[in-house]
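Text of work-v1.txt (compact mmCIF, C-alpha atoms) as supplied:
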# COMPACT_ATOMS: atom_id res chain seq x y z
CA MET A 1 -16.14 9.33 17.99
CA SER A 2 -16.36 9.25 14.19
CA VAL A 3 -19.46 7.02 14.31
CA ARG A 4 -21.25 9.53 16.53
CA GLN A 5 -20.37 12.45 14.24
CA SER A 6 -21.20 10.48 11.08
CA LEU A 7 -24.66 9.53 12.35
CA LEU A 8 -25.29 13.15 13.29
CA ALA A 9 -24.24 14.27 9.81
CA LEU A 10 -26.59 11.72 8.25
CA LEU A 11 -29.44 13.03 10.40
CA GLU A 12 -28.69 16.53 9.20
CA GLU A 13 -29.83 15.43 5.73
CA GLN A 14 -33.20 14.16 6.99
CA PRO A 15 -34.78 12.40 9.97
CA ARG A 16 -34.00 8.68 9.93
CA TYR A 17 -34.40 5.59 12.09
CA GLY A 18 -31.62 3.37 13.38
CA TYR A 19 -31.53 0.72 10.69
CA GLN A 20 -31.57 3.36 7.93
CA LEU A 21 -28.59 5.08 9.56
CA ARG A 22 -26.66 1.85 9.55
CA ILE A 23 -27.44 1.22 5.86
CA GLU A 24 -26.46 4.77 4.88
CA PHE A 25 -23.21 4.68 6.88
CA GLU A 26 -22.15 1.40 5.31
CA ALA A 27 -23.16 2.42 1.79
CA ARG A 28 -20.95 5.48 2.00
CA THR A 29 -17.91 3.78 3.53
CA GLY A 30 -18.19 0.58 1.50
CA ALA A 31 -18.92 -1.50 4.62
CA THR A 32 -15.26 -1.17 5.49
CA TRP A 33 -16.16 -0.55 9.12
CA PRO A 34 -19.35 -2.53 9.72
CA LEU A 35 -21.76 -1.16 12.32
CA ASN A 36 -24.18 -3.31 14.25
CA VAL A 37 -27.66 -2.00 14.93
CA GLY A 38 -27.07 -2.18 18.69
CA GLN A 39 -24.14 0.22 18.31
CA VAL A 40 -26.35 2.59 16.31
CA TYR A 41 -29.09 2.64 18.98
CA THR A 42 -26.60 3.07 21.83
CA THR A 43 -25.09 6.03 19.98
CA LEU A 44 -28.53 7.50 19.28
CA SER A 45 -29.55 7.34 22.94
CA ARG A 46 -26.31 9.08 23.95
CA LEU A 47 -26.91 11.76 21.31
CA GLU A 48 -30.44 12.19 22.67
CA ARG A 49 -29.16 12.43 26.25
CA ASP A 50 -26.70 15.16 25.13
CA GLY A 51 -29.47 17.08 23.37
CA LEU A 52 -28.00 16.69 19.88
CA VAL A 53 -30.92 14.69 18.48
CA GLU A 54 -34.57 14.29 19.45
CA ARG A 55 -37.33 11.81 18.72
CA ALA A 56 -39.57 12.68 15.82
CA GLY A 57 -42.38 10.15 16.11
CA ASP A 58 -42.36 7.06 13.93
CA ASP A 59 -42.45 6.35 10.23
CA GLY A 60 -45.89 4.72 10.38
CA GLU A 61 -44.39 1.24 10.53
CA GLY A 62 -43.26 1.46 14.11
CA HIS A 63 -39.66 2.66 13.50
CA ALA A 64 -38.70 5.46 15.88
CA LEU A 65 -37.42 8.41 13.85
CA TYR A 66 -34.69 10.73 15.09
CA ARG A 67 -34.12 14.33 14.05
CA ILE A 68 -31.09 16.58 14.60
CA THR A 69 -31.34 19.60 16.95
CA ASP A 70 -29.65 22.99 16.51
CA ALA A 71 -26.97 21.92 19.00
CA GLY A 72 -26.46 18.80 16.88
CA ARG A 73 -26.03 20.90 13.73
CA GLN A 74 -23.34 22.97 15.43
CA ASP A 75 -21.61 19.78 16.49
CA VAL A 76 -21.52 18.45 12.90
CA GLN A 77 -20.24 21.75 11.59
CA ALA A 78 -17.47 21.82 14.20
CA TRP A 79 -16.51 18.27 13.20
CA PHE A 80 -16.10 19.21 9.54
CA GLU A 81 -14.19 22.38 10.41
CA THR A 82 -11.72 20.78 12.84
CA PRO A 83 -8.84 18.61 11.61
CA VAL A 84 -8.71 15.07 12.91
CA ASP A 85 -6.37 14.98 15.92
CA ARG A 86 -3.05 13.42 14.99
CA SER A 87 -1.20 14.37 18.17
CA ALA A 88 -2.08 11.13 19.94
CA PRO A 89 -1.40 8.40 17.35
CA PRO A 90 -3.35 5.18 17.81
CA ARG A 91 -1.37 2.14 18.89
CA GLU A 92 0.32 0.68 15.83
CA GLU A 93 0.91 -3.03 16.34
CA LEU A 94 3.48 -3.39 13.57
CA ALA A 95 5.65 -0.49 14.77
CA ILE A 96 5.49 -1.86 18.31
CA LYS A 97 6.36 -5.36 17.09
CA LEU A 98 9.45 -4.16 15.20
CA ALA A 99 10.56 -1.90 18.03
CA ILE A 100 10.42 -4.85 20.41
CA ALA A 101 11.98 -7.23 17.86
CA VAL A 102 15.11 -5.12 17.31
CA THR A 103 15.76 -4.99 21.05
CA VAL A 104 15.10 -8.62 21.95
CA PRO A 105 18.07 -10.93 21.26
CA GLY A 106 17.67 -13.83 18.87
CA VAL A 107 14.88 -12.38 16.72
CA ASP A 108 15.27 -12.54 12.93
CA VAL A 109 14.04 -9.02 12.20
CA ALA A 110 14.75 -9.20 8.46
CA THR A 111 12.38 -12.15 8.15
CA ILE A 112 9.67 -10.33 10.09
CA VAL A 113 10.03 -7.39 7.70
CA GLN A 114 9.86 -9.57 4.57
CA ARG A 115 6.86 -11.58 5.78
CA GLN A 116 4.99 -8.42 6.65
CA ARG A 117 5.82 -6.85 3.30
CA THR A 118 4.44 -9.85 1.43
CA ALA A 119 1.28 -9.83 3.57
CA THR A 120 0.77 -6.09 3.11
CA VAL A 121 1.31 -6.28 -0.66
CA ARG A 122 -1.25 -9.10 -0.75
CA ALA A 123 -3.76 -6.85 1.03
CA LEU A 124 -2.89 -4.13 -1.47
CA GLN A 125 -3.58 -6.55 -4.34
CA ASP A 126 -7.00 -7.32 -2.82
CA TYR A 127 -7.87 -3.62 -2.55
CA THR A 128 -6.67 -3.07 -6.11
CA ARG A 129 -8.84 -5.95 -7.34
CA LEU A 130 -11.84 -4.23 -5.74
CA LYS A 131 -10.80 -1.00 -7.39
CA ARG A 132 -10.52 -2.68 -10.79
CA LYS A 133 -14.14 -3.74 -10.56
CA GLY A 134 -15.19 -0.11 -10.32
CA SER A 135 -14.90 2.23 -13.27
CA PRO A 136 -12.28 5.00 -13.16
CA ASP A 137 -15.04 7.56 -13.64
CA ALA A 138 -17.13 6.47 -10.71
CA SER A 139 -20.54 8.04 -10.32
CA GLU A 140 -21.15 10.44 -7.45
CA HIS A 141 -22.73 7.54 -5.60
CA ASP A 142 -19.54 5.42 -5.73
CA LEU A 143 -17.16 8.29 -5.09
CA ALA A 144 -17.38 8.07 -1.28
CA TRP A 145 -16.60 4.36 -1.23
CA SER A 146 -13.79 4.66 -3.77
CA LEU A 147 -12.13 7.36 -1.65
CA VAL A 148 -12.27 5.05 1.37
CA LEU A 149 -10.68 2.32 -0.74
CA ASP A 150 -7.95 4.74 -1.85
CA SER A 151 -7.31 5.59 1.78
CA LEU A 152 -6.70 1.90 2.55
CA ILE A 153 -4.47 1.63 -0.54
CA PHE A 154 -2.34 4.63 0.38
CA ALA A 155 -2.01 3.44 3.98
CA ALA A 156 -0.85 -0.03 2.88
CA GLU A 157 1.56 1.56 0.41
CA ALA A 158 3.00 3.75 3.16
CA GLU A 159 3.48 0.65 5.30
CA VAL A 160 5.43 -1.09 2.52
CA ARG A 161 7.62 2.00 2.07
CA TRP A 162 8.28 2.11 5.78
CA LEU A 163 9.18 -1.62 5.76
CA ASP A 164 11.62 -0.97 2.87
CA HIS A 165 13.12 1.81 4.93
CA CYS A 166 13.41 -0.45 8.01
CA GLU A 167 15.10 -3.09 5.87
CA SER A 168 17.77 -0.75 4.57
CA ARG A 169 18.35 0.74 8.05
CA LEU A 170 18.78 -2.76 9.46
CA ALA A 171 21.15 -3.76 6.65
CA ARG A 172 23.23 -0.62 7.20
CA SER A 173 23.46 -1.09 10.96
CA SER A 174 24.46 -4.75 10.63
CA TYR A 175 27.07 -3.79 7.98
CA GLN A 176 28.49 -1.13 10.28
CA ARG A 177 28.75 -3.59 13.13
CA GLN A 178 30.53 -6.14 10.94
CA THR A 179 33.07 -3.64 9.61
CA ALA A 180 33.67 -1.77 12.86
CA THR A 181 37.17 -2.50 14.19
CA PRO A 182 36.81 -4.42 17.43
CA PRO A 183 38.47 -2.68 20.40
CA VAL A 184 41.87 -4.07 21.39
CA SER A 185 40.95 -4.38 25.03
CA ALA A 186 37.84 -6.37 25.72
CA ALA A 187 36.83 -3.95 28.44
CA VAL A 188 33.97 -2.40 26.49
CA PRO A 189 30.69 -3.79 27.77
CA GLU A 190 28.36 -5.23 25.18
CA ARG A 191 25.42 -3.11 24.25
CA SER A 192 22.28 -4.63 25.56
CA ASP A 193 20.17 -3.25 22.72
CA GLU A 194 22.22 -4.82 19.98
CA VAL A 195 20.34 -5.95 16.91
CA VAL A 196 20.61 -9.66 16.32
CA SER A 197 20.34 -10.46 12.66
CA MET B 198 10.17 -17.81 3.37
CA THR B 199 6.40 -18.13 3.69
CA ALA B 200 4.58 -21.42 3.78
CA ALA B 201 4.07 -22.70 0.25
CA PRO B 202 0.55 -21.75 -0.87
CA ASP B 203 -1.60 -24.61 -2.04
CA VAL B 204 -1.74 -23.98 -5.76
CA SER B 205 -2.62 -27.50 -6.84
CA ALA B 206 -6.33 -26.75 -7.29
CA TRP B 207 -5.48 -23.62 -9.15
CA ALA B 208 -2.90 -25.35 -11.33
CA ALA B 209 -5.43 -28.00 -12.28
CA LEU B 210 -7.58 -25.29 -13.85
CA GLN B 211 -4.82 -24.09 -16.09
CA PRO B 212 -4.93 -25.23 -19.69
CA ALA B 213 -1.57 -26.23 -21.09
CA VAL B 214 -0.70 -22.83 -22.51
CA ALA B 215 2.93 -22.08 -23.21
CA PRO B 216 4.29 -19.24 -21.09
CA VAL B 217 5.01 -16.03 -23.00
CA LEU B 218 8.16 -15.63 -20.96
CA GLU B 219 10.19 -18.14 -19.04
CA LEU B 220 13.43 -17.62 -17.14
CA ARG B 221 15.21 -20.75 -15.95
CA ASP B 222 17.87 -20.37 -13.28
CA VAL B 223 19.14 -17.19 -14.91
CA ARG B 224 22.43 -15.76 -13.71
CA ARG B 225 24.18 -12.62 -14.85
CA VAL B 226 27.66 -11.70 -13.71
CA HIS B 227 29.29 -8.45 -14.76
CA GLY B 228 33.09 -8.59 -14.81
CA SER B 229 35.12 -11.41 -13.31
CA GLY B 230 37.40 -12.31 -10.45
CA PRO B 231 37.13 -10.60 -7.08
CA THR B 232 35.46 -7.51 -8.57
CA ALA B 233 32.70 -9.52 -10.32
CA VAL B 234 29.20 -8.20 -9.72
CA HIS B 235 26.51 -10.85 -9.45
CA ALA B 236 23.50 -8.96 -10.74
CA LEU B 237 21.29 -12.05 -10.85
CA ARG B 238 22.07 -15.22 -8.94
CA GLY B 239 19.72 -17.90 -10.23
CA VAL B 240 16.25 -16.48 -10.97
CA SER B 241 13.42 -18.63 -12.33
CA LEU B 242 10.17 -17.01 -13.38
CA SER B 243 7.40 -17.71 -15.82
CA ILE B 244 4.59 -15.56 -17.19
CA ARG B 245 1.53 -17.00 -18.92
CA PRO B 246 -0.70 -15.20 -21.39
CA GLY B 247 -3.17 -13.10 -19.43
CA GLU B 248 -0.83 -12.76 -16.50
CA LEU B 249 0.74 -9.60 -15.11
CA VAL B 250 3.75 -10.21 -12.90
CA ALA B 251 5.39 -7.39 -10.97
CA VAL B 252 8.96 -7.48 -9.74
CA MET B 253 9.65 -5.26 -6.74
CA GLY B 254 13.06 -4.50 -5.42
CA PRO B 255 15.29 -1.60 -4.39
CA SER B 256 17.86 -0.22 -6.81
CA GLY B 257 20.70 -2.69 -7.18
CA SER B 258 18.45 -5.69 -6.55
CA GLY B 259 18.78 -6.82 -10.17
CA LYS B 260 15.31 -5.87 -11.43
CA SER B 261 16.53 -3.84 -14.41
CA THR B 262 18.94 -6.63 -15.37
CA LEU B 263 16.01 -9.03 -15.26
CA LEU B 264 14.06 -6.87 -17.67
CA THR B 265 16.90 -6.40 -20.17
CA LEU B 266 17.50 -10.18 -20.17
CA ALA B 267 13.79 -10.88 -20.68
CA GLY B 268 13.75 -8.56 -23.67
CA GLY B 269 16.86 -10.05 -25.25
CA LEU B 270 18.78 -6.78 -24.83
CA ASP B 271 21.40 -8.61 -22.77
CA THR B 272 22.51 -12.25 -22.51
CA PRO B 273 22.59 -14.28 -19.29
CA THR B 274 25.91 -15.67 -18.04
CA SER B 275 24.07 -18.95 -17.51
CA GLY B 276 20.50 -20.20 -17.54
CA GLU B 277 17.79 -19.91 -20.16
CA VAL B 278 15.45 -17.16 -21.36
CA LEU B 279 12.52 -18.29 -23.51
CA VAL B 280 10.03 -16.00 -25.23
CA GLU B 281 7.01 -17.99 -26.44
CA ASN B 282 9.06 -21.18 -26.14
CA VAL B 283 11.94 -19.84 -28.24
CA ALA B 284 15.28 -19.77 -26.40
CA LEU B 285 16.80 -16.34 -26.95
CA PRO B 286 20.48 -17.17 -26.49
CA GLY B 287 20.36 -19.59 -29.45
CA LEU B 288 19.06 -17.01 -31.90
CA SER B 289 21.11 -15.23 -34.51
CA ARG B 290 21.44 -11.51 -34.05
CA ARG B 291 18.99 -10.97 -36.87
CA ASP B 292 16.34 -13.37 -35.56
CA LEU B 293 16.70 -11.87 -32.10
CA ALA B 294 16.11 -8.38 -33.46
CA LYS B 295 13.07 -9.63 -35.34
CA LEU B 296 11.64 -11.32 -32.25
CA ARG B 297 12.24 -8.17 -30.24
CA ARG B 298 10.34 -6.13 -32.80
CA ARG B 299 7.50 -8.57 -33.36
CA SER B 300 6.79 -10.27 -30.05
CA VAL B 301 8.01 -7.92 -27.36
CA GLY B 302 6.79 -4.44 -26.50
CA TYR B 303 8.66 -2.10 -24.17
CA VAL B 304 7.40 0.68 -21.97
CA PHE B 305 10.06 2.81 -20.35
CA GLN B 306 9.94 5.34 -17.55
CA ASP B 307 10.82 8.21 -19.87
CA PHE B 308 8.41 7.23 -22.68
CA ASN B 309 11.13 7.21 -25.41
CA LEU B 310 8.90 8.68 -28.10
CA ILE B 311 10.65 10.25 -31.06
CA PRO B 312 9.94 14.01 -30.90
CA ALA B 313 10.02 14.53 -34.68
CA LEU B 314 7.27 11.95 -35.27
CA THR B 315 3.54 12.20 -34.52
CA ALA B 316 1.88 9.76 -32.13
CA LEU B 317 0.69 7.71 -35.10
CA GLU B 318 4.15 7.62 -36.69
CA ASN B 319 5.74 6.65 -33.37
CA VAL B 320 3.35 3.76 -32.95
CA ALA B 321 3.77 2.67 -36.59
CA LEU B 322 7.57 2.77 -36.39
CA PRO B 323 8.25 -0.77 -35.06
CA GLY B 324 6.19 -2.23 -37.90
CA GLU B 325 7.84 -0.09 -40.54
CA LEU B 326 11.30 -1.02 -39.24
CA ASP B 327 10.19 -4.60 -39.56
CA GLY B 328 9.47 -4.18 -43.27
CA ILE B 329 5.69 -4.04 -43.01
CA PRO B 330 4.30 -1.83 -45.81
CA THR B 331 3.69 1.71 -44.55
CA ARG B 332 -0.03 1.60 -45.16
CA ARG B 333 -0.48 -1.57 -43.15
CA ALA B 334 1.84 -0.39 -40.38
CA ARG B 335 -0.24 2.78 -40.05
CA LYS B 336 -3.46 0.79 -40.04
CA GLU B 337 -2.15 -1.35 -37.19
CA ALA B 338 -0.96 1.76 -35.35
CA LEU B 339 -4.39 3.39 -35.69
CA ALA B 340 -5.99 0.22 -34.33
CA ALA B 341 -3.64 0.22 -31.33
CA LEU B 342 -4.37 3.89 -30.63
CA ALA B 343 -8.11 3.26 -30.97
CA GLU B 344 -7.94 0.29 -28.61
CA LEU B 345 -6.48 2.58 -25.96
CA ASP B 346 -8.97 5.34 -26.75
CA LEU B 347 -6.20 7.61 -28.06
CA SER B 348 -7.35 8.17 -31.63
CA GLU B 349 -7.61 11.92 -31.14
CA LEU B 350 -3.88 12.09 -30.37
CA ALA B 351 -2.83 10.45 -33.65
CA ASP B 352 -1.54 13.62 -35.32
CA ARG B 353 -0.06 15.25 -32.23
CA PHE B 354 3.69 15.48 -31.63
CA PRO B 355 5.10 14.33 -28.26
CA ASP B 356 5.89 17.91 -27.22
CA ASP B 357 2.21 18.78 -27.56
CA MET B 358 1.11 15.99 -25.24
CA SER B 359 1.04 15.70 -21.45
CA GLY B 360 3.25 13.14 -19.74
CA GLY B 361 0.27 10.86 -19.21
CA GLN B 362 -0.72 11.09 -22.87
CA GLN B 363 2.85 10.36 -23.98
CA GLN B 364 3.00 7.29 -21.77
CA ARG B 365 -0.32 6.05 -23.13
CA VAL B 366 1.02 6.45 -26.68
CA ALA B 367 4.15 4.55 -25.59
CA ILE B 368 1.91 1.73 -24.41
CA ALA B 369 0.12 1.75 -27.77
CA ARG B 370 3.55 1.37 -29.40
CA ALA B 371 4.32 -1.53 -27.05
CA ILE B 372 1.17 -3.44 -28.02
CA VAL B 373 0.91 -2.59 -31.73
CA GLY B 374 0.59 -5.57 -34.08
CA ASP B 375 0.48 -8.85 -32.27
CA ARG B 376 2.84 -8.41 -29.35
CA ARG B 377 2.16 -10.89 -26.62
CA LEU B 378 4.84 -9.86 -24.16
CA VAL B 379 4.97 -6.38 -22.67
CA LEU B 380 7.97 -5.38 -20.57
CA ALA B 381 7.47 -2.27 -18.48
CA ASP B 382 10.21 -0.50 -16.53
CA GLU B 383 8.74 1.90 -13.93
CA PRO B 384 6.14 3.04 -16.50
CA THR B 385 4.48 5.39 -14.02
CA GLY B 386 7.70 6.89 -12.69
CA ALA B 387 7.23 10.50 -13.68
CA LEU B 388 3.44 10.63 -13.55
CA ASP B 389 1.11 11.88 -10.83
CA SER B 390 -0.86 9.24 -8.95
CA GLU B 391 -4.09 9.50 -10.94
CA THR B 392 -2.37 9.47 -14.36
CA GLY B 393 -0.15 6.62 -13.19
CA GLU B 394 -3.23 4.68 -12.26
CA ALA B 395 -4.75 5.25 -15.71
CA VAL B 396 -1.57 3.85 -17.28
CA LEU B 397 -1.76 0.74 -15.10
CA ARG B 398 -5.43 0.28 -15.86
CA LEU B 399 -4.46 0.28 -19.53
CA LEU B 400 -1.66 -2.23 -19.05
CA ARG B 401 -4.00 -4.39 -17.00
CA ALA B 402 -6.68 -4.29 -19.72
CA ARG B 403 -4.14 -5.36 -22.31
CA VAL B 404 -3.08 -8.27 -20.13
CA ASP B 405 -6.70 -9.27 -19.52
CA ALA B 406 -7.07 -9.35 -23.31
CA GLY B 407 -4.37 -12.02 -23.48
CA ALA B 408 -0.89 -10.50 -23.35
CA GLY B 409 1.67 -11.40 -20.70
CA ALA B 410 3.45 -8.57 -18.93
CA LEU B 411 6.41 -8.09 -16.66
CA LEU B 412 6.30 -4.88 -14.66
CA VAL B 413 9.34 -3.69 -12.78
CA THR B 414 8.65 -1.12 -10.07
CA HIS B 415 9.63 -0.05 -6.60
CA GLU B 416 6.12 1.22 -5.83
CA ALA B 417 3.85 -1.20 -4.02
CA ARG B 418 0.69 0.62 -5.12
CA HIS B 419 1.57 -0.07 -8.75
CA ALA B 420 2.84 -3.60 -8.18
CA ALA B 421 -0.54 -4.36 -6.60
CA TRP B 422 -2.15 -4.33 -10.07
CA ALA B 423 -0.28 -7.55 -10.81
CA ASP B 424 -1.56 -11.08 -10.38
CA ARG B 425 1.66 -11.99 -8.66
CA VAL B 426 4.33 -9.85 -7.01
CA VAL B 427 7.87 -11.17 -6.82
CA PHE B 428 10.38 -9.64 -4.39
CA LEU B 429 13.95 -9.41 -5.61
CA ARG B 430 16.89 -8.77 -3.27
CA ASP B 431 20.58 -8.92 -4.22
CA GLY B 432 19.85 -10.87 -7.39
CA VAL B 433 17.62 -13.55 -5.87
CA VAL B 434 13.86 -13.93 -5.44
CA VAL B 435 13.28 -13.79 -1.69
CA ASP B 436 9.49 -14.02 -1.66
CA ASP B 437 6.38 -14.07 -3.80
CA THR B 438 2.75 -13.16 -3.08
CA GLY B 439 1.71 -16.39 -4.78
CA GLU B 440 -1.13 -16.98 -7.18
CA PRO B 441 -4.34 -14.98 -6.84
CA PRO B 442 -7.01 -16.63 -4.66
CA ALA B 443 -8.59 -19.57 -6.45
CA ILE B 444 -12.16 -18.52 -5.62
CA ASP B 445 -11.64 -15.14 -7.16
CA LEU B 446 -10.21 -16.78 -10.22
CA LEU B 447 -13.12 -19.17 -10.54
CA LEU B 448 -15.58 -16.30 -10.36
CA GLU B 449 -13.74 -14.11 -12.81
CA ARG B 450 -12.80 -16.79 -15.25
CA LYS B 451 -14.49 -16.64 -18.65
CA TRP B 452 -15.25 -20.24 -19.56
Could you quickly redo this structure as structure tokens?
Amino acid sequence: MSVRQSLLALLEEQPRYGYQLRIEFEARTGATWPLNVGQVYTTLSRLERDGLVERAGDDGEGHALYRITDAGRQDVQAWFETPVDRSAPPREELAIKLAIAVTVPGVDVATIVQRQRTATVRALQDYTRLKRKGSPDASEHDLAWSLVLDSLIFAAEAEVRWLDHCESRLARSSYQRQTATPPVSAAVPERSDEVVS
Amino acid sequence: MTAAPDVSAWAALQPAVAPVLELRDVRRVHGSGPTAVHALRGVSLSIRPGELVAVMGPSGSGKSTLLTLAGGLDTPTSGEVLVENVALPGLSRRDLAKLRRRSVGYVFQDFNLIPALTALENVALPGELDGIPTRRARKEALAALAELDLSELADRFPDDMSGGQQQRVAIARAIVGDRRLVLADEPTGALDSETGEAVLRLLRARVDAGAGALLVTHEARHAAWADRVVFLRDGVVVDDTGEPPAIDLLLERKW
């Protein structure tokens, strides 16, 4: 979805051909989400089918140029004006993994949390190293890429905070289980969702 | 906890430089008997010149204790603390105070600038306390402020500066003279994210120029400026991000 809208927005600036669109997209997002040329042309032909772009001859060297239509312009504007939909969160592997881990007996959840935290902080160090190479007063040209980098940094940071939170919740629940007075009669069935730590 | 990273190639590149800070199996127990609190239970850590090490841990993990021991503000129950190869516990009170003033710089969360003194006077204070003639102490302070691009703040009082400016002056105070070990305790605590980042950039630049630094924080985004992040839980190191990738190091290394 975002690739389609991004390519449209790039065509709003000026007519371009497929390879140029790919270069522009990657320059602005720091090649964080690489596009292949095939993907660009597939998207362009769908946009053409939907009447959002049209062919505009070639650039004299045999590259087919595309130009945005009025319908396409409206589409881009609507994209910028509408918040990104957060009501259907994408599948989050880590959250799913921990949710399954706390319910399956015999899994050392604390170790999963610590390993993930180390891995995520390492990723954060890599992003920060990239950031260090750029100057704090990035030119307009670098601004787009540095904002993408910041987005990755904030997301990784949020993940570490969430892992810290999971760790203290796990510690508290295992402490409560240890200190809870066991019932005198053994008639209480064991909880099947008990955390094994 | 994780598989041991292969650091042999990396280690082979390291010249035999003495660490600026070394902790060897450091333990710190507060109180005794059944109510004893084991703040640190055997921590070993070493920081070389040019290295920034971050310690991450929740409150109560022992990270503040670690910092006060590293700075000679507290004494370990057992184990050794060495600053530039000098064992702190063996020092007389006077030599310890001198070492603290001359070799170690501190950056605290709440800046700790003296409100009645200008930025320049605050930065010159450690030198003056150390008996350096006023004129020379001021010259060194001006140099430290200039290095951090803060010369225009020299005559301002802390109350006339923003939080970010105050913290940058506090960093100038921590590096004035020839301090090779900087200890920072949540230095970005009260700052907004952009100002906090500027403070870390400054600390990082100082480390790249040859100092060693120990940064204690609970924020991953700030710890990520370090070469190595150490995770502390209940007084023990539970994990470590390891050394930076060797390739990166080879590329960035100034031969």
When you count all atoms listed in the file, which of these residues is closest to chain B: A:Gln178, A:Ser6, A:Ser168, A:Ser45?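 Answer, going by the shortest atom-to-atom distance: A:Ser168.
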Please provide the set of residues having any atom within 7 Å of stretch 242-245 of chain B, restricted to only C-alpha atoms, with same-chain residues fewer than 2 positions apart removed, written as a PDB file with C-alpha atoms, in the coordinates of the input.
ATOM      1  CA  ALA B 215       2.930 -22.080 -23.210  1.00  0.00           C
ATOM      2  CA  PRO B 216       4.290 -19.240 -21.090  1.00  0.00           C
ATOM      3  CA  VAL B 217       5.010 -16.030 -23.000  1.00  0.00           C
ATOM      4  CA  LEU B 218       8.160 -15.630 -20.960  1.00  0.00           C
ATOM      5  CA  GLU B 219      10.190 -18.140 -19.040  1.00  0.00           C
ATOM      6  CA  LEU B 220      13.430 -17.620 -17.140  1.00  0.00           C
ATOM      7  CA  ARG B 221      15.210 -20.750 -15.950  1.00  0.00           C
ATOM      8  CA  VAL B 240      16.250 -16.480 -10.970  1.00  0.00           C
ATOM      9  CA  GLY B 247      -3.170 -13.100 -19.430  1.00  0.00           C
ATOM     10  CA  GLU B 248      -0.830 -12.760 -16.500  1.00  0.00           C
ATOM     11  CA  VAL B 250       3.750 -10.210 -12.900  1.00  0.00           C
ATOM     12  CA  GLY B 409       1.670 -11.400 -20.700  1.00  0.00           C
TER      13      GLY B 409
END
Compute the set of chain A residues within 9 Å of chain B, using only C-alpha atoms, and express it as a VMD selection string. chain A and resid 111 114 to 115 118 to 119 121 to 129 132 136 153 to 154 156 to 158 160 to 161 164
Name the residues in contact with stretch 16-27 of chain A at a cut-off of 8 Å, using all atoms listed in the file, excluding same-chain residues fewer than 5 positions from it; report them as JSON, numbers by chain. {"A": [6, 7, 10, 11, 32, 33, 34, 35, 36, 37, 40, 41, 44, 63, 64, 65, 66, 67, 145]}
Give me the residues within 12 Å of stretch 275-277 of chain B as a PDB file with C-alpha atoms, in the frame of the given file, counting all atoms listed in the file and dropping any in the same chain fewer than 5 places off.
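What landed in part_31.pdb:
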ATOM      1  CA  LEU B 218       8.160 -15.630 -20.960  1.00  0.00           C
ATOM      2  CA  GLU B 219      10.190 -18.140 -19.040  1.00  0.00           C
ATOM      3  CA  LEU B 220      13.430 -17.620 -17.140  1.00  0.00           C
ATOM      4  CA  ARG B 221      15.210 -20.750 -15.950  1.00  0.00           C
ATOM      5  CA  ASP B 222      17.870 -20.370 -13.280  1.00  0.00           C
ATOM      6  CA  VAL B 223      19.140 -17.190 -14.910  1.00  0.00           C
ATOM      7  CA  ARG B 224      22.430 -15.760 -13.710  1.00  0.00           C
ATOM      8  CA  ARG B 225      24.180 -12.620 -14.850  1.00  0.00           C
ATOM      9  CA  VAL B 226      27.660 -11.700 -13.710  1.00  0.00           C
ATOM     10  CA  HIS B 235      26.510 -10.850  -9.450  1.00  0.00           C
ATOM     11  CA  LEU B 237      21.290 -12.050 -10.850  1.00  0.00           C
ATOM     12  CA  ARG B 238      22.070 -15.220  -8.940  1.00  0.00           C
ATOM     13  CA  GLY B 239      19.720 -17.900 -10.230  1.00  0.00           C
ATOM     14  CA  VAL B 240      16.250 -16.480 -10.970  1.00  0.00           C
ATOM     15  CA  SER B 241      13.420 -18.630 -12.330  1.00  0.00           C
ATOM     16  CA  LEU B 242      10.170 -17.010 -13.380  1.00  0.00           C
ATOM     17  CA  SER B 243       7.400 -17.710 -15.820  1.00  0.00           C
ATOM     18  CA  LEU B 266      17.500 -10.180 -20.170  1.00  0.00           C
ATOM     19  CA  ALA B 267      13.790 -10.880 -20.680  1.00  0.00           C
ATOM     20  CA  GLY B 269      16.860 -10.050 -25.250  1.00  0.00           C
ATOM     21  CA  ASN B 282       9.060 -21.180 -26.140  1.00  0.00           C
ATOM     22  CA  VAL B 283      11.940 -19.840 -28.240  1.00  0.00           C
ATOM     23  CA  ALA B 284      15.280 -19.770 -26.400  1.00  0.00           C
ATOM     24  CA  LEU B 285      16.800 -16.340 -26.950  1.00  0.00           C
ATOM     25  CA  PRO B 286      20.480 -17.170 -26.490  1.00  0.00           C
ATOM     26  CA  GLY B 287      20.360 -19.590 -29.450  1.00  0.00           C
TER      27      GLY B 287
END
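Straight-line separation from atom CA of B:Ala313 to atom CA of B:Arg297: 23.2 Å.
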Please list, as a VMD selection string, the residues that have an atom at most 9 Å away from (2.8, 4.9, -28.6) in the coordinates of this file, counting all atoms listed in the file. chain B and resid 308 310 316 to 321 338 341 to 342 363 to 373
Record the distance separating atom CA of B:Leu279 and atom CA of B:Gly386, expressed in Å with one decimal.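 Computing it gives 27.8 Å between the two atoms.
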Computed gap from atom CA of B:Val433 to atom CA of B:Pro231 is 19.8 Å
Near B:Asp382, counting all atoms listed in the file, which residues have an atom at most 7 Å away, once you skip same-chain residues fewer than 5 positions from it, shown as a PyMOL selection string? chain B and resi 304-306+412-414
Tell me which of A:Glu92, A:Asp50, A:Glu159, A:Glu12 sits closest to A:Ile68, counting all atoms listed in the file.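 Closest to A:Ile68 of all the choices is A:Glu12.
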Closest of B:Leu339, B:Val301, B:Ala334, B:Leu388 to B:Ser359 - atom-to-atom distances counting all atoms listed in the file: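 Residue with the minimum atom-to-atom distance to B:Ser359: B:Leu388.
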